Number of protein chains: 6
Amino acid sequence: MLDADTVAALRTCSAATLTTQLFKRGLRNVFMQGVRPLTSVKTPMIGAAFTVRYIPAREDIDHVGVFADPEHPQRKAIETVPAGQVLVSDCRRDARAASGGSILLTRLKVRGAAGFVSDGGLRDSPEIAGFDLPVYCGGPAAPLNLVLHHAVDINVPVGCGGVPVYPGDVIFGDGEGVVVIPKHLAAEVARDAAEQELLEAFVLEEVQKGAPVIGTYPPSPAVQAKYKEWRAKRGK
Amino acid sequence: MLDADTVAALRTCSAATLTTQLFKRGLRNVFMQGVRPLTSVKTPMIGAAFTVRYIPAREDIDHVGVFADPEHPQRKAIETVPAGQVLVSDCRRDARAASGGSILLTRLKVRGAAGFVSDGGLRDSPEIAGFDLPVYCGGPAAPLNLVLHHAVDINVPVGCGGVPVYPGDVIFGDGEGVVVIPKHLAAEVARDAAEQELLEAFVLEEVQKGAPVIGTYPPSPAVQAKYKEWRAKRGK
Amino acid sequence: MLDADTVAALRTCSAATLTTQLFKRGLRNVFMQGVRPLTSVKTPMIGAAFTVRYIPAREDIDHVGVFADPEHPQRKAIETVPAGQVLVSDCRRDARAASGGSILLTRLKVRGAAGFVSDGGLRDSPEIAGFDLPVYCGGPAAPLNLVLHHAVDINVPVGCGGVPVYPGDVIFGDGEGVVVIPKHLAAEVARDAAEQELLEAFVLEEVQKGAPVIGTYPPSPAVQAKYKEWRAKRGK
Amino acid sequence: MLDADTVAALRTCSAATLTTQLFKRGLRNVFMQGVRPLTSVKTPMIGAAFTVRYIPAREDIDHVGVFADPEHPQRKAIETVPAGQVLVSDCRRDARAASGGSILLTRLKVRGAAGFVSDGGLRDSPEIAGFDLPVYCGGPAAPLNLVLHHAVDINVPVGCGGVPVYPGDVIFGDGEGVVVIPKHLAAEVARDAAEQELLEAFVLEEVQKGAPVIGTYPPSPAVQAKYKEWRAKRGK
Amino acid sequence: MLDADTVAALRTCSAATLTTQLFKRGLRNVFMQGVRPLTSVKTPMIGAAFTVRYIPAREDIDHVGVFADPEHPQRKAIETVPAGQVLVSDCRRDARAASGGSILLTRLKVRGAAGFVSDGGLRDSPEIAGFDLPVYCGGPAAPLNLVLHHAVDINVPVGCGGVPVYPGDVIFGDGEGVVVIPKHLAAEVARDAAEQELLEAFVLEEVQKGAPVIGTYPPSPAVQAKYKEWRAKRGK
Amino acid sequence: MLDADTVAALRTCSAATLTTQLFKRGLRNVFMQGVRPLTSVKTPMIGAAFTVRYIPAREDIDHVGVFADPEHPQRKAIETVPAGQVLVSDCRRDARAASGGSILLTRLKVRGAAGFVSDGGLRDSPEIAGFDLPVYCGGPAAPLNLVLHHAVDINVPVGCGGVPVYPGDVIFGDGEGVVVIPKHLAAEVARDAAEQELLEAFVLEEVQKGAPVIGTYPPSPAVQAKYKEWRAKRGK
């Protein structure tokens, strides 16, 4: 599980700032493309990744009867994702059919999942849009998953929105979208990102007061000194 | 025209449930892709399809003068679509130019059309977004239709959002998008979809109360029995 | 700078009407594709274009150190765009990474720019969405520009959203999107578009009262006469 | 039918030169996009357009039984396209399934058609590649048309490769691709394009001999004079 | 392994005919999209599928050092695919980087594999184009796999070119492309496809002799009788 | 100009090997996407980049008259690119219209350019395909550049096929495609790539003789020793 300090630090961060910290560590492809928030995001979604992998559907295998199977990976994932984790669905970036709907996502919420992320579609989207659960997807899509997607694996490494996702990676989502933080970097990235957010809060104040971007962002030595005072005042 | 029972049943349904019923009948491609609601949808759009077909525009034919022609198919469609029907425009999924604007859609509303659907763009979209008429399109696009689209036919079979649409098919739209129901299946699909909605309302209650998805959705014999009681209580 | 009459006329216009006037003058490609408003647009954005050009980033050149350079074109553009002008960024229609964020756009606002337009992404989009500044982009994107974009030139002719933009062209934006008006046509297009808006206001009233589109839009001689009276009453 | 002079002139032309002549007449969208030659083109394909229109397939309608119907539009088109004309198929630019195969194209050849053009796929492509018939398509695709395409109309105006095609328009194809020449412009465009080809043959000779492009192409008065002599020598 | 009769029958078939037989059994999505032959195909590629699955690469994991690991899935797959089988790589349809090159494919050939299929790219493509091994891919791409692709699994169900591929499915390739035949259908599909090829050979002869498509394809009772004789003569 | 050793080394290399050397130096985006050889490539194209930049065309500016202007950037570039250099055209990856044709490319050849590269289209492609000049483009396209492209700058940094190109960078092309080598890395990349080619020639021999990939590629210490001998025999 994620340690409390990391979670606390991440709570103060934005997806944008996290991508900067990952970029500084040589990771350029960490923001899911084409995956957007469906529910309104008040506080960031933060949790370890629990994945489901889909392949293209085949008419003779993917009939409505499959859901009677208690081992069906999509349903099983909903029932086994640990509380506090984020269910991540790899639908090969094909959002023309759903990777879930209101009943499955209600169950996910009841079970205490931290959120749901898919690069496929979601059905019952108008209803889900009102859920108090962070939900991200490739777009609304009424057709059930069987039309295009066959759930095949649980908790294996996948791609989602073009980004690699390994089980246990930290999935962060805000109103902008979803960032994947490799497990082993989570603590230091969270710490440095929180620092960066503090500096940017100061810089924003300066800019609002009329400071030019050049010299302030990044800060010149003089501005850095001013920032130290600003921090001190706030006891940080 | 659509019979009252079918309309009444469809009023209780969602696009998602209708795609499931059509999938059970072997129809997999019934949800328009890339066609989204522009107006806020309170009650579903339900009506028979009345179509307009567009081909690519040609500079020497498609000049502003064409609208003076009372036979211009786009304008004529607006004036001839029967009340209660849905005007469906096939723009070859090219939303870079408009297939209508606020004046034409106002007329459509005055004439009592059930709604407007296009896989092309719509201009005056900020104004139309406030209309009390179900409107679905490929996106906002200021350029007039003549830039890319030439209206050529009225009420012929077309494609819209990648889905076949035959005049008279039932067009259903909700906040998720648009489903096309073949005329001859409308009554049975509506009936079975309404049934499915009832079951899913029960299942949702169960899941909200803590029932697992497996065994509840689809329901085990025990859950089916419970559902029978639930229905009975509601006198259904 | 734009003359007051042109600005006054443009204030009464929509993007849609402007594309019609430009189409009448043989210009078909004037509406930016894939560039959407991020902030809510109450009054139109109107200003001369001031441009920034980006090329694909290169790992050895585009590291976080570059922003320390006071000559960095992105930062320099923010500090040099004249008040009342619109900053237009050509990101080759690649919205997977940002072309700006909340600090740069705050500075832009403080400096009195008329707006910001990019066919790349924007980071901090949830925060920017609340800004009282017209902002248009290719979509939200957390990754910083360095991941994909290298700012290389200021105020050269560029393409944005597939449309040619020459420094000084008039950039107009409303809730639908962005239109580019060649400098030398701005005055006449604004005048004729304002005229067209007046006629369409009348036509809309007529249609709301039950007039058919055919004969009213475009107006027959009889309707034109009625329009003259309507205008006269309004002292126009 | 096309008059002999027009055909004779077109035989000396390239697709490139024809697009220039059409551009001079205000037509910018005349070259089919995504439609490539499948057979090796020795002499240009020249013929009047005879069209077939497809819409998306529907599972319950588009079963293998349909081909037993002598009125099936795809089969009927093959049997009714007049000798010397080009069969143009509008498949909505979807090349994932076929719009024909070796048997149908063999029949087309036996019947004396001038060629086959489709923005859909073609099956049996390795075999067809060896045919002595001009064939253009969106690419090889083994799946039969019924998987995606439903033939619905014969000889109506269509779009193909994004270009409007009206029955009777002149379809020209060479090793580069397909150009659509509006019927009423065919004679003058053919004449002027043949003239342009002659000039470009001269210019090419000059450039091969070392003449710079500037001054030669377009030709300066001096070079024009030289060209007159060159033509005279050739008795043209 | 595939039984000899099935292989013998498939040797007489084309990808097109196989898709028809699969379509008759309700399978519509069996032809890989965007996967083309790189080598010249004289006789069909026929073999059971052995798969490799890739996810997006991550900079800190996918460095050149990984190939020293004898367990690296890409290299291991090359060394473990049984003779007579086809190696199928799922690269999420991203052909911007390679999924193999001349050394790996040479080894594959030496080891007796039946062929190589990928929806990713291939490097050293000019060299491989001359190989006497059936090779299909998404296109030439010089960049090594590590730039975009991380090999993660061997012989699991995957998608390739948008088609589901289960280990052991029969992979068939000809000059047109690749068809996936579900294992359990291979024998009957092969038998019926071989039958269909025989009928189509007869039909083609008839059409070459001047028979119309209608009545011949599909064959009327009379033509069927004629076909029986034709077959008899050939002792089939 | 490029030093002789670098050119000599590059002559022994492939695009694939060069991308590996650049990847080892942290450069992942060096191979042009969607840019393919139009002429048959016998020996690699090697030369410094000389660029032309295009923006979208505007109808009132981009008429056929522009070519009379001796300063027109497209024509001027053809006349000023130094012998031995490669002309690189940035057409914003839009290959629907041409960025050159047979006359301009003939002049380029006469002037001794090392090759032509464009991410736009080329017209007269069947003729150019036979040229003895390395030519790479986004595909055949008959329409003249004015339909979509406006040449605006010469020899500025550009993007081509998604890759940054700075004037003077080394442009390398073989039958696979085009790699861009940053000027300051050319010498060392060429040297190390030539070394890699030698090792891979040895490895390929070993694999052809039956050596497994694992242990051979990359080579184990034992295989490295064997390689040293192999090299020694060849006096390298």
# chains A, B, ... in the order shown; residues from 1 in each chain; ligands from 1
$ residues_around --residues "Ala113 of chain A" --least-positions-apart "3" --cutoff "12 Å" --atoms "only C-alpha atoms" --output "compact mmCIF listing (two decimals) with N, CA and C atoms, in the first residue's frame"
# COMPACT_ATOMS: atom_id res chain seq x y z
N MET A 45 -7.72 11.61 -7.52
CA MET A 45 -7.79 10.14 -7.39
C MET A 45 -6.37 9.65 -7.19
N ILE A 46 -6.14 8.89 -6.15
CA ILE A 46 -4.81 8.37 -5.85
C ILE A 46 -4.95 6.91 -5.41
N GLY A 47 -4.28 6.01 -6.10
CA GLY A 47 -4.35 4.61 -5.70
C GLY A 47 -3.44 3.74 -6.54
N ALA A 48 -3.17 2.55 -6.03
CA ALA A 48 -2.34 1.60 -6.78
C ALA A 48 -3.18 1.01 -7.91
N ALA A 49 -2.50 0.70 -9.03
CA ALA A 49 -3.19 0.16 -10.20
C ALA A 49 -3.51 -1.32 -10.03
N PHE A 50 -4.75 -1.67 -10.36
CA PHE A 50 -5.21 -3.06 -10.47
C PHE A 50 -5.78 -3.14 -11.87
N ALA A 77 -12.77 -8.90 -11.67
CA ALA A 77 -11.93 -7.76 -11.31
C ALA A 77 -12.71 -6.81 -10.40
N ILE A 78 -13.96 -6.58 -10.74
CA ILE A 78 -14.81 -5.68 -9.94
C ILE A 78 -14.90 -6.20 -8.50
N GLU A 79 -14.95 -7.52 -8.37
CA GLU A 79 -15.13 -8.12 -7.04
C GLU A 79 -13.82 -8.34 -6.28
N THR A 80 -12.68 -8.21 -6.98
CA THR A 80 -11.42 -8.52 -6.31
C THR A 80 -10.47 -7.34 -6.15
N VAL A 81 -10.71 -6.22 -6.89
CA VAL A 81 -9.81 -5.07 -6.73
C VAL A 81 -9.84 -4.67 -5.26
N PRO A 82 -8.67 -4.58 -4.62
CA PRO A 82 -8.65 -4.20 -3.20
C PRO A 82 -9.15 -2.77 -2.97
N ALA A 83 -9.76 -2.54 -1.83
CA ALA A 83 -10.20 -1.19 -1.48
C ALA A 83 -8.99 -0.25 -1.58
N GLY A 84 -9.22 0.98 -2.03
CA GLY A 84 -8.15 1.96 -2.12
C GLY A 84 -7.35 1.88 -3.40
N GLN A 85 -7.63 0.84 -4.23
CA GLN A 85 -6.89 0.75 -5.48
C GLN A 85 -7.73 1.26 -6.65
N VAL A 86 -7.06 1.50 -7.79
CA VAL A 86 -7.74 2.01 -8.99
C VAL A 86 -7.82 0.89 -10.02
N LEU A 87 -9.03 0.64 -10.53
CA LEU A 87 -9.20 -0.38 -11.56
C LEU A 87 -8.89 0.24 -12.92
N VAL A 88 -7.88 -0.29 -13.60
CA VAL A 88 -7.44 0.25 -14.89
C VAL A 88 -7.73 -0.77 -15.98
N LEU A 104 -21.80 -1.94 -12.52
CA LEU A 104 -20.44 -2.34 -12.15
C LEU A 104 -19.73 -1.23 -11.38
N LEU A 105 -19.92 0.01 -11.82
CA LEU A 105 -19.22 1.09 -11.13
C LEU A 105 -19.82 1.38 -9.76
N THR A 106 -21.09 1.10 -9.61
CA THR A 106 -21.71 1.24 -8.27
C THR A 106 -21.08 0.20 -7.33
N ARG A 107 -20.93 -1.01 -7.83
CA ARG A 107 -20.31 -2.05 -7.01
C ARG A 107 -18.88 -1.66 -6.65
N LEU A 108 -18.17 -1.10 -7.61
CA LEU A 108 -16.79 -0.68 -7.39
C LEU A 108 -16.74 0.33 -6.25
N LYS A 109 -17.69 1.25 -6.26
CA LYS A 109 -17.75 2.29 -5.22
C LYS A 109 -18.05 1.65 -3.86
N VAL A 110 -19.05 0.77 -3.84
CA VAL A 110 -19.42 0.10 -2.59
C VAL A 110 -18.21 -0.65 -2.02
N PHE A 116 -11.88 4.43 -11.22
CA PHE A 116 -11.96 3.59 -12.40
C PHE A 116 -11.36 4.35 -13.57
N VAL A 117 -10.48 3.67 -14.32
CA VAL A 117 -9.84 4.27 -15.49
C VAL A 117 -9.90 3.29 -16.64
N ASP A 132 -20.16 9.85 -7.15
CA ASP A 132 -19.13 10.38 -6.27
C ASP A 132 -17.97 9.37 -6.25
N LEU A 133 -17.40 9.13 -7.43
CA LEU A 133 -16.28 8.20 -7.60
C LEU A 133 -15.47 8.73 -8.77
N PRO A 134 -14.14 8.82 -8.65
CA PRO A 134 -13.37 9.29 -9.81
C PRO A 134 -13.44 8.27 -10.95
N VAL A 135 -13.94 8.71 -12.08
CA VAL A 135 -14.11 7.82 -13.24
C VAL A 135 -13.53 8.51 -14.47
$ interface_residues --of "chain B" --to "chain D" --cutoff "12 Å" --atoms "only C-alpha atoms" --output "JSON, numbers by chain"
{"B": [22, 23, 25, 26, 27, 28, 29, 30, 32, 53, 54, 55, 56, 57, 58, 59, 60, 61, 62, 63, 90, 91, 92, 93, 94, 147, 148, 149, 150, 151, 152, 153, 156, 157, 158, 159, 160, 161, 162, 163, 164, 165, 166, 180, 181, 182, 184, 185]}
$ select_by_dssp --residues "segment 74-192 of chain A" --states "helix (DSSP H, G or I)" --output "VMD selection string"
chain A and resid 74 to 80 102 to 110 125 to 128 145 to 147 183 to 192
$ residues_around --residues "Ser14 of chain C" --least-positions-apart "4" --cutoff "8 Å" --atoms "only C-alpha atoms" --output "MDAnalysis selection string"
(chainID B and resid 124) or (chainID C and resid 10 18 44 174)
$ residues_around --residues "Lys76 of chain E" --least-positions-apart "5" --cutoff "10 Å" --atoms "only C-alpha atoms" --output "VMD selection string"
(chain E and resid 52 69 to 71 81 154) or (chain F and resid 213 to 214)
$ residues_around --residues "segment 200-207 of chain E" --least-positions-apart "4" --cutoff "9 Å" --atoms "only C-alpha atoms" --output "PyMOL selection string"
(chain D and resi 102-104+106-107+110) or (chain E and resi 195-196+211-213+216-219+223+227+230-231)
$ select_by_dssp --residues "segment 137-216 of chain B" --states "strand (DSSP E)" --output "PyMOL selection string"
chain B and resi 137+149-154+158-160+163-165+170-173+178-181
$ atom_distance --atom1 "atom CA of Glu127 of chain A" --atom2 "atom CA of Gly215 of chain B"
23.1 Å
$ residues_around --residues "Ala193 of chain A" --least-positions-apart "6" --cutoff "7 Å" --atoms "only C-alpha atoms" --output "ChimeraX atom specification"
/A:13,17-18,21
$ write_last_selection --atoms "all heavy atoms" --output "mmCIF file, in the first residue's frame"
data_model
loop_
_atom_site.group_PDB
_atom_site.id
_atom_site.type_symbol
_atom_site.label_atom_id
_atom_site.label_comp_id
_atom_site.auth_asym_id
_atom_site.auth_seq_id
_atom_site.Cartn_x
_atom_site.Cartn_y
_atom_site.Cartn_z
ATOM 1 N N CYS A 13 -0.918 17.935 -5.161
ATOM 2 C CA CYS A 13 -0.319 18.066 -6.501
ATOM 3 C C CYS A 13 -1.351 18.044 -7.622
ATOM 4 O O CYS A 13 -2.490 17.634 -7.431
ATOM 5 C CB CYS A 13 0.682 16.939 -6.738
ATOM 6 S SG CYS A 13 2.053 16.952 -5.574
ATOM 7 N N THR A 17 2.049 18.991 -12.686
ATOM 8 C CA THR A 17 3.297 19.025 -11.915
ATOM 9 C C THR A 17 3.946 17.642 -11.840
ATOM 10 O O THR A 17 5.170 17.510 -11.952
ATOM 11 C CB THR A 17 3.009 19.564 -10.506
ATOM 12 O OG1 THR A 17 2.459 20.878 -10.651
ATOM 13 C CG2 THR A 17 4.259 19.619 -9.655
ATOM 14 N N LEU A 18 3.127 16.623 -11.718
ATOM 15 C CA LEU A 18 3.691 15.265 -11.653
ATOM 16 C C LEU A 18 4.389 14.894 -12.956
ATOM 17 O O LEU A 18 5.455 14.272 -12.951
ATOM 18 C CB LEU A 18 2.587 14.261 -11.313
ATOM 19 C CG LEU A 18 2.063 14.394 -9.877
ATOM 20 C CD1 LEU A 18 0.761 13.628 -9.706
ATOM 21 C CD2 LEU A 18 3.108 13.922 -8.876
ATOM 22 N N GLN A 21 7.889 16.363 -12.891
ATOM 23 C CA GLN A 21 8.827 15.612 -12.054
ATOM 24 C C GLN A 21 9.244 14.304 -12.736
ATOM 25 O O GLN A 21 10.411 13.899 -12.649
ATOM 26 C CB GLN A 21 8.209 15.328 -10.684
ATOM 27 C CG GLN A 21 8.129 16.577 -9.806
ATOM 28 C CD GLN A 21 9.490 17.212 -9.566
ATOM 29 O OE1 GLN A 21 10.487 16.512 -9.404
ATOM 30 N NE2 GLN A 21 9.535 18.533 -9.608
#
$ atom_distance --atom1 "atom CA of Gly101 of chain F" --atom2 "atom CA of Arg123 of chain F"
4.8 Å
$ atom_distance --atom1 "atom CA of Cys137 of chain A" --atom2 "atom CA of Tyr136 of chain C"
22.9 Å
